[in-house]
>>> print(open('input10.csv').read())   # CSV, C-alpha atoms
chain,number,residue,atom,x,y,z
A,1200,MET,CA,-10.8,-7.4,8.2
A,1201,ASN,CA,-14.5,-7.0,7.7
A,1202,MET,CA,-15.5,-5.1,4.6
A,1203,HIS,CA,-18.9,-4.2,6.1
A,1204,ILE,CA,-17.9,-1.8,8.8
A,1205,SER,CA,-20.2,1.1,9.7
A,1206,ALA,CA,-19.1,4.6,10.0
A,1207,GLY,CA,-19.7,4.4,13.8
A,1208,GLU,CA,-17.5,1.4,14.1
A,1209,PHE,CA,-14.7,3.1,12.1
A,1210,THR,CA,-14.9,6.0,14.5
A,1211,ALA,CA,-15.0,3.8,17.7
A,1212,ARG,CA,-12.1,1.7,16.6
A,1213,SER,CA,-10.1,4.7,15.4
A,1214,LEU,CA,-10.6,6.5,18.7
A,1215,SER,CA,-9.2,3.5,20.5
A,1216,ILE,CA,-6.1,3.4,18.3
A,1217,ILE,CA,-5.6,7.2,18.5
A,1218,ALA,CA,-5.9,7.1,22.3
A,1219,SER,CA,-3.2,4.4,22.6
A,1220,LEU,CA,-0.7,6.4,20.4
A,1221,LYS,CA,-1.7,10.0,21.0
A,1222,HIS,CA,1.0,10.4,23.7
A,1223,LEU,CA,3.9,9.8,21.3
A,1224,GLU,CA,5.9,12.7,19.9
A,1225,GLY,CA,4.7,13.2,16.3
A,1226,PRO,CA,1.9,10.6,16.6
A,1227,MET,CA,0.2,11.0,13.2
A,1228,LEU,CA,2.3,8.5,11.3
A,1229,PRO,CA,2.1,5.8,13.9
A,1230,ILE,CA,-1.7,6.4,14.1
A,1231,LEU,CA,-2.1,6.2,10.4
A,1232,HIS,CA,0.0,3.0,10.2
A,1233,ALA,CA,-2.1,1.5,13.0
A,1234,ILE,CA,-5.4,2.5,11.4
A,1235,GLN,CA,-4.3,1.0,8.0
A,1236,ALA,CA,-3.2,-2.2,9.8
A,1237,GLU,CA,-6.7,-2.3,11.4
A,1238,PHE,CA,-8.8,-1.6,8.4
A,1239,GLY,CA,-6.5,-2.4,5.5
A,1240,TYR,CA,-6.6,1.3,4.4
A,1241,VAL,CA,-7.1,4.7,5.8
A,1242,PRO,CA,-10.9,5.3,5.5
A,1243,ASP,CA,-11.9,8.9,4.4
A,1244,GLU,CA,-14.3,9.2,7.4
A,1245,VAL,CA,-11.4,8.6,9.9
A,1246,LYS,CA,-9.4,11.6,8.7
A,1247,GLN,CA,-11.6,14.0,10.5
A,1248,VAL,CA,-11.5,11.9,13.7
A,1249,ILE,CA,-7.7,12.0,13.6
A,1250,ALA,CA,-7.7,15.7,12.9
A,1251,THR,CA,-10.0,16.5,15.8
A,1252,GLU,CA,-8.1,14.3,18.2
A,1253,LEU,CA,-4.7,15.7,17.2
A,1254,ASN,CA,-6.0,19.3,17.0
A,1255,LEU,CA,-5.2,19.5,13.3
A,1256,SER,CA,-7.2,20.3,10.2
A,1257,ARG,CA,-8.6,17.5,8.1
A,1258,ALA,CA,-6.5,18.9,5.2
A,1259,GLU,CA,-3.3,18.3,7.2
A,1260,VAL,CA,-4.2,14.7,7.8
A,1261,HIS,CA,-5.3,14.2,4.2
A,1262,GLY,CA,-2.0,15.8,3.0
A,1263,VAL,CA,0.0,13.3,5.0
A,1264,VAL,CA,-2.0,10.3,3.8
A,1265,THR,CA,-1.7,11.3,0.1
A,1266,PHE,CA,2.0,12.3,0.4
A,1267,TYR,CA,3.2,8.9,1.6
A,1268,HIS,CA,2.8,6.1,-1.0
A,1269,GLU,CA,2.5,3.5,1.8
A,1270,PHE,CA,-1.0,4.7,2.7
A,1271,ARG,CA,-4.0,3.5,0.8
A,1272,ASP,CA,-7.5,4.9,0.3
A,1273,HIS,CA,-9.0,1.5,-0.5
A,1274,THR,CA,-8.4,-2.1,0.6
A,1275,ALA,CA,-5.5,-3.9,-1.1
A,1276,GLY,CA,-5.7,-7.4,-2.6
A,1277,ARG,CA,-4.6,-10.5,-0.6
A,1278,HIS,CA,-1.1,-10.0,-2.0
A,1279,VAL,CA,0.7,-6.7,-2.8
A,1280,LEU,CA,3.3,-6.7,-5.6
A,1281,LYS,CA,5.5,-3.6,-5.5
A,1282,LEU,CA,7.7,-2.9,-8.4
A,1283,CYS,CA,10.7,-0.5,-8.1
A,1284,ARG,CA,10.4,2.5,-10.4
A,1285,ALA,CA,13.7,4.2,-9.4
A,1286,GLU,CA,16.4,5.1,-11.9
A,1287,ALA,CA,18.7,2.1,-11.2
A,1288,CYS,CA,15.9,-0.4,-11.8
A,1289,GLN,CA,14.7,1.5,-14.9
A,1290,SER,CA,18.2,1.3,-16.3
A,1291,MET,CA,18.1,-2.5,-15.8
A,1292,GLY,CA,14.7,-3.1,-17.5
A,1293,SER,CA,12.1,-2.4,-14.9
A,1294,ASP,CA,9.9,-0.6,-17.4
A,1295,HIS,CA,9.6,-3.9,-19.4
A,1296,ILE,CA,8.9,-5.8,-16.1
A,1297,ALA,CA,6.2,-3.3,-15.2
A,1298,ASP,CA,4.6,-3.5,-18.6
A,1299,ARG,CA,4.6,-7.3,-18.4
A,1300,ALA,CA,3.1,-7.2,-14.9
A,1301,ARG,CA,0.3,-4.9,-16.0
A,1302,GLN,CA,-0.4,-7.2,-19.0
A,1303,VAL,CA,-0.3,-10.5,-17.0
A,1304,LEU,CA,-2.4,-9.1,-14.1
A,1305,GLY,CA,-4.8,-7.1,-16.4
A,1306,ILE,CA,-4.5,-4.0,-14.1
A,1307,ASP,CA,-2.4,-0.8,-13.8
A,1308,PHE,CA,-0.6,0.6,-10.8
A,1309,HIS,CA,-2.7,1.3,-7.8
A,1310,GLU,CA,-5.3,-1.3,-8.9
A,1311,THR,CA,-6.3,-4.8,-7.7
A,1312,THR,CA,-7.2,-7.8,-9.8
A,1313,LEU,CA,-10.8,-8.6,-10.1
A,1314,ASP,CA,-10.3,-11.8,-8.1
A,1315,GLY,CA,-8.8,-9.7,-5.3
A,1316,ALA,CA,-5.6,-11.6,-5.4
A,1317,VAL,CA,-3.0,-9.0,-6.3
A,1318,THR,CA,-2.6,-5.2,-5.9
A,1319,LEU,CA,0.1,-3.7,-8.1
A,1320,GLU,CA,2.0,-0.7,-6.6
A,1321,PRO,CA,5.0,1.4,-7.7
A,1322,VAL,CA,7.7,2.1,-5.2
A,1323,TYR,CA,10.7,4.4,-5.7
A,1324,CYS,CA,13.5,2.4,-4.2
A,1325,LEU,CA,13.7,-0.9,-2.4
A,1326,GLY,CA,17.4,-0.6,-1.7
A,1327,LEU,CA,18.4,-3.4,-4.1
A,1328,CYS,CA,20.0,-1.1,-6.7
A,1329,ALA,CA,22.9,-3.5,-7.2
A,1330,CYS,CA,20.4,-6.3,-8.0
A,1331,ALA,CA,18.1,-4.3,-10.2
A,1332,PRO,CA,15.3,-4.6,-11.3
A,1333,ALA,CA,13.8,-5.2,-7.9
A,1334,ALA,CA,10.3,-6.1,-6.6
A,1335,MET,CA,8.6,-6.9,-3.3
A,1336,MET,CA,5.8,-9.3,-2.8
A,1337,ASP,CA,4.1,-9.2,0.6
A,1338,GLY,CA,7.2,-7.8,2.2
A,1339,GLU,CA,9.6,-10.3,0.6
A,1340,LEU,CA,12.3,-8.7,-1.6
A,1341,TYR,CA,13.3,-10.0,-5.0
A,1342,GLY,CA,16.3,-8.9,-7.0
A,1343,ARG,CA,17.2,-9.3,-10.7
A,1344,VAL,CA,13.5,-9.8,-11.5
A,1345,ASP,CA,12.9,-11.1,-15.0
A,1346,GLU,CA,9.7,-12.4,-16.7
A,1347,GLN,CA,10.1,-15.8,-15.2
A,1348,CYS,CA,10.5,-14.5,-11.7
A,1349,LEU,CA,7.5,-12.2,-12.2
A,1350,GLY,CA,5.4,-15.1,-13.5
A,1351,ASP,CA,6.4,-17.2,-10.5
A,1352,MET,CA,5.3,-14.5,-8.1
A,1353,VAL,CA,2.0,-14.0,-9.8
A,1354,ARG,CA,1.3,-17.8,-9.9
A,1355,GLU,CA,2.1,-18.1,-6.2
A,1356,ALA,CA,-0.2,-15.2,-5.4
A,1357,ARG,CA,-3.1,-16.6,-7.3
A,1358,ARG,CA,-3.0,-20.0,-5.6
>>> encode(input="input10.csv", output="structure tokens")
Amino acid sequence: MNMHISAGEFTARSLSIIASLKHLEGPMLPILHAIQAEFGYVPDEVKQVIATELNLSRAEVHGVVTFYHEFRDHTAGRHVLKLCRAEACQSMGSDHIADRARQVLGIDFHETTLDGAVTLEPVYCLGLCACAPAAMMDGELYGRVDEQCLGDMVREARR
């Protein structure tokens, strides 16, 4: 992913993605996922392109992007650490794990470490309620997360 992409390049690449998925029923989510896969996030300037191509308002596209936690408005770090914030995980100590993660990484939720290694994100259920607290690093699930497990994940991400 090139961080120095011009607005015209965003538009051209987005139009190609939209054209390939526009035929689907309910194409907005697949288009948004494909655009995020292409650029690492959903660029603000692409929202109007999507809206125009799908005959929607920019506000409708923006509403979908901001409603779903999976979509980003900026690039993520090389690794994404997601910590479950749902009730089952909270009852098993996820608040402590979240506090420790913020302390160790020196960032808050929705932020990326200065070295670009880790982005910290909250999620509201990873489906591991019986193994709470749960986390996900780069798509890999972790159950019964404690400070040692958290430390191991952070060390691995910073290698």
>>> residues_around(input="input10.csv", residues="Lys1246 (chain A)", least_positions_apart="6", cutoff="7 Å", atoms="all atoms listed in the file", output="ChimeraX atom specification")
/A:1257,1260-1261
>>> residues_around(input="input10.csv", residues="Lys1221 (chain A)", least_positions_apart="5", cutoff="12 Å", atoms="only C-alpha atoms", output="VMD selection string")
chain A and resid 1213 to 1216 1226 to 1231 1233 1249 to 1254
>>> atom_distance(input="input10.csv", atom1="CA of Tyr1341 (chain A)", atom2="CA of Phe1238 (chain A)")
27.2 Å
>>> closest_residue(input="input10.csv", among="A:Asp1337, A:Ala1218, A:Glu1346, A:Pro1332", to="Gln1289 (chain A)", atoms="all atoms listed in the file")
A:Pro1332
>>> atom_distance(input="input10.csv", atom1="CA of Leu1282 (chain A)", atom2="CA of Asp1294 (chain A)")
9.5 Å
>>> residues_around(input="input10.csv", residues="region 1313-1325 of chain A", least_positions_apart="3", cutoff="9 Å", atoms="only C-alpha atoms", output="ChimeraX atom specification")
/A:1268-1269,1275-1288,1297,1300-1301,1304-1310,1328,1333-1335,1340,1353,1356-1358
>>> write_last_selection(input="input10.csv", atoms="C-alpha atoms", output="mmCIF file, in the coordinates of the input")
data_model
loop_
_atom_site.group_PDB
_atom_site.id
_atom_site.type_symbol
_atom_site.label_atom_id
_atom_site.label_comp_id
_atom_site.auth_asym_id
_atom_site.auth_seq_id
_atom_site.Cartn_x
_atom_site.Cartn_y
_atom_site.Cartn_z
ATOM 1 C CA HIS A 1268 2.800 6.100 -1.000
ATOM 2 C CA GLU A 1269 2.500 3.500 1.800
ATOM 3 C CA ALA A 1275 -5.500 -3.900 -1.100
ATOM 4 C CA GLY A 1276 -5.700 -7.400 -2.600
ATOM 5 C CA ARG A 1277 -4.600 -10.500 -0.600
ATOM 6 C CA HIS A 1278 -1.100 -10.000 -2.000
ATOM 7 C CA VAL A 1279 0.700 -6.700 -2.800
ATOM 8 C CA LEU A 1280 3.300 -6.700 -5.600
ATOM 9 C CA LYS A 1281 5.500 -3.600 -5.500
ATOM 10 C CA LEU A 1282 7.700 -2.900 -8.400
ATOM 11 C CA CYS A 1283 10.700 -0.500 -8.100
ATOM 12 C CA ARG A 1284 10.400 2.500 -10.400
ATOM 13 C CA ALA A 1285 13.700 4.200 -9.400
ATOM 14 C CA GLU A 1286 16.400 5.100 -11.900
ATOM 15 C CA ALA A 1287 18.700 2.100 -11.200
ATOM 16 C CA CYS A 1288 15.900 -0.400 -11.800
ATOM 17 C CA ALA A 1297 6.200 -3.300 -15.200
ATOM 18 C CA ALA A 1300 3.100 -7.200 -14.900
ATOM 19 C CA ARG A 1301 0.300 -4.900 -16.000
ATOM 20 C CA LEU A 1304 -2.400 -9.100 -14.100
ATOM 21 C CA GLY A 1305 -4.800 -7.100 -16.400
ATOM 22 C CA ILE A 1306 -4.500 -4.000 -14.100
ATOM 23 C CA ASP A 1307 -2.400 -0.800 -13.800
ATOM 24 C CA PHE A 1308 -0.600 0.600 -10.800
ATOM 25 C CA HIS A 1309 -2.700 1.300 -7.800
ATOM 26 C CA GLU A 1310 -5.300 -1.300 -8.900
ATOM 27 C CA CYS A 1328 20.000 -1.100 -6.700
ATOM 28 C CA ALA A 1333 13.800 -5.200 -7.900
ATOM 29 C CA ALA A 1334 10.300 -6.100 -6.600
ATOM 30 C CA MET A 1335 8.600 -6.900 -3.300
ATOM 31 C CA LEU A 1340 12.300 -8.700 -1.600
ATOM 32 C CA VAL A 1353 2.000 -14.000 -9.800
ATOM 33 C CA ALA A 1356 -0.200 -15.200 -5.400
ATOM 34 C CA ARG A 1357 -3.100 -16.600 -7.300
ATOM 35 C CA ARG A 1358 -3.000 -20.000 -5.600
#
>>> atom_distance(input="input10.csv", atom1="CA of Phe1209 (chain A)", atom2="CA of His1222 (chain A)")
20.8 Å
>>> closest_residue(input="input10.csv", among="A:Gly1342, A:Leu1349, A:Gly1326, A:Pro1242", to="Gln1302 (chain A)", atoms="all atoms listed in the file")
A:Leu1349
>>> build_atoms(input="input10.csv", residues="region 1239-1250 of chain A", atoms="all heavy atoms", output="mmCIF file, in the coordinates of the input")
data_model
loop_
_atom_site.group_PDB
_atom_site.id
_atom_site.type_symbol
_atom_site.label_atom_id
_atom_site.label_comp_id
_atom_site.auth_asym_id
_atom_site.auth_seq_id
_atom_site.Cartn_x
_atom_site.Cartn_y
_atom_site.Cartn_z
ATOM 1 N N GLY A 1239 -7.040 -2.063 6.771
ATOM 2 C CA GLY A 1239 -6.500 -2.400 5.500
ATOM 3 C C GLY A 1239 -6.272 -1.156 4.594
ATOM 4 O O GLY A 1239 -5.689 -1.234 3.527
ATOM 5 N N TYR A 1240 -6.733 -0.011 5.054
ATOM 6 C CA TYR A 1240 -6.600 1.300 4.400
ATOM 7 C C TYR A 1240 -6.917 2.373 5.367
ATOM 8 O O TYR A 1240 -7.329 2.079 6.490
ATOM 9 C CB TYR A 1240 -7.424 1.359 3.115
ATOM 10 C CG TYR A 1240 -8.919 1.399 3.355
ATOM 11 C CD1 TYR A 1240 -9.643 2.556 3.125
ATOM 12 C CD2 TYR A 1240 -9.611 0.278 3.806
ATOM 13 C CE1 TYR A 1240 -11.023 2.604 3.338
ATOM 14 C CE2 TYR A 1240 -10.985 0.314 4.015
ATOM 15 C CZ TYR A 1240 -11.681 1.481 3.787
ATOM 16 O OH TYR A 1240 -13.023 1.529 3.995
ATOM 17 N N VAL A 1241 -6.754 3.619 4.959
ATOM 18 C CA VAL A 1241 -7.100 4.700 5.800
ATOM 19 C C VAL A 1241 -8.475 5.261 5.299
ATOM 20 O O VAL A 1241 -8.532 5.948 4.277
ATOM 21 C CB VAL A 1241 -6.076 5.860 5.797
ATOM 22 C CG1 VAL A 1241 -6.523 7.025 6.681
ATOM 23 C CG2 VAL A 1241 -4.718 5.334 6.256
ATOM 24 N N PRO A 1242 -9.562 4.906 5.970
ATOM 25 C CA PRO A 1242 -10.900 5.300 5.500
ATOM 26 C C PRO A 1242 -11.017 6.867 5.549
ATOM 27 O O PRO A 1242 -10.514 7.526 6.466
ATOM 28 C CB PRO A 1242 -11.848 4.720 6.544
ATOM 29 C CG PRO A 1242 -11.069 3.625 7.189
ATOM 30 C CD PRO A 1242 -9.640 4.063 7.159
ATOM 31 N N ASP A 1243 -11.687 7.406 4.560
ATOM 32 C CA ASP A 1243 -11.900 8.900 4.400
ATOM 33 C C ASP A 1243 -12.537 9.427 5.687
ATOM 34 O O ASP A 1243 -12.161 10.496 6.167
ATOM 35 C CB ASP A 1243 -12.654 9.174 3.183
ATOM 36 C CG ASP A 1243 -12.452 10.600 2.744
ATOM 37 O OD1 ASP A 1243 -11.291 11.062 2.704
ATOM 38 O OD2 ASP A 1243 -13.467 11.259 2.447
ATOM 39 N N GLU A 1244 -13.536 8.712 6.216
ATOM 40 C CA GLU A 1244 -14.300 9.200 7.400
ATOM 41 C C GLU A 1244 -13.447 9.277 8.650
ATOM 42 O O GLU A 1244 -13.815 9.952 9.603
ATOM 43 C CB GLU A 1244 -15.566 8.436 7.600
ATOM 44 C CG GLU A 1244 -15.380 6.941 7.710
ATOM 45 C CD GLU A 1244 -15.587 6.206 6.389
ATOM 46 O OE1 GLU A 1244 -14.997 6.606 5.370
ATOM 47 O OE2 GLU A 1244 -16.332 5.233 6.385
ATOM 48 N N VAL A 1245 -12.299 8.611 8.666
ATOM 49 C CA VAL A 1245 -11.400 8.600 9.900
ATOM 50 C C VAL A 1245 -10.511 9.819 9.876
ATOM 51 O O VAL A 1245 -10.039 10.216 10.936
ATOM 52 C CB VAL A 1245 -10.636 7.278 9.894
ATOM 53 C CG1 VAL A 1245 -9.570 7.301 10.951
ATOM 54 C CG2 VAL A 1245 -11.577 6.105 10.117
ATOM 55 N N LYS A 1246 -10.285 10.427 8.734
ATOM 56 C CA LYS A 1246 -9.400 11.600 8.700
ATOM 57 C C LYS A 1246 -9.822 12.705 9.597
ATOM 58 O O LYS A 1246 -9.009 13.323 10.278
ATOM 59 C CB LYS A 1246 -9.223 12.074 7.238
ATOM 60 C CG LYS A 1246 -8.498 11.087 6.350
ATOM 61 C CD LYS A 1246 -8.472 11.560 4.912
ATOM 62 C CE LYS A 1246 -7.882 10.498 4.013
ATOM 63 N NZ LYS A 1246 -7.994 10.883 2.591
ATOM 64 N N GLN A 1247 -11.115 12.972 9.627
ATOM 65 C CA GLN A 1247 -11.600 14.000 10.500
ATOM 66 C C GLN A 1247 -11.472 13.653 11.969
ATOM 67 O O GLN A 1247 -11.183 14.504 12.807
ATOM 68 C CB GLN A 1247 -13.079 14.378 10.193
ATOM 69 C CG GLN A 1247 -13.611 15.542 11.004
ATOM 70 C CD GLN A 1247 -12.805 16.818 10.808
ATOM 71 O OE1 GLN A 1247 -12.634 17.271 9.683
ATOM 72 N NE2 GLN A 1247 -12.296 17.393 11.891
ATOM 73 N N VAL A 1248 -11.643 12.381 12.280
ATOM 74 C CA VAL A 1248 -11.500 11.900 13.700
ATOM 75 C C VAL A 1248 -10.041 12.138 14.113
ATOM 76 O O VAL A 1248 -9.788 12.658 15.209
ATOM 77 C CB VAL A 1248 -11.872 10.417 13.785
ATOM 78 C CG1 VAL A 1248 -11.592 9.892 15.185
ATOM 79 C CG2 VAL A 1248 -13.329 10.202 13.394
ATOM 80 N N ILE A 1249 -9.091 11.764 13.256
ATOM 81 C CA ILE A 1249 -7.700 12.000 13.600
ATOM 82 C C ILE A 1249 -7.394 13.461 13.758
ATOM 83 O O ILE A 1249 -6.745 13.874 14.722
ATOM 84 C CB ILE A 1249 -6.771 11.384 12.479
ATOM 85 C CG1 ILE A 1249 -6.937 9.873 12.394
ATOM 86 C CG2 ILE A 1249 -5.307 11.744 12.726
ATOM 87 C CD1 ILE A 1249 -6.298 9.251 11.158
ATOM 88 N N ALA A 1250 -7.896 14.257 12.819
ATOM 89 C CA ALA A 1250 -7.700 15.700 12.900
ATOM 90 C C ALA A 1250 -8.189 16.291 14.177
ATOM 91 O O ALA A 1250 -7.481 17.053 14.847
ATOM 92 C CB ALA A 1250 -8.340 16.376 11.672
#
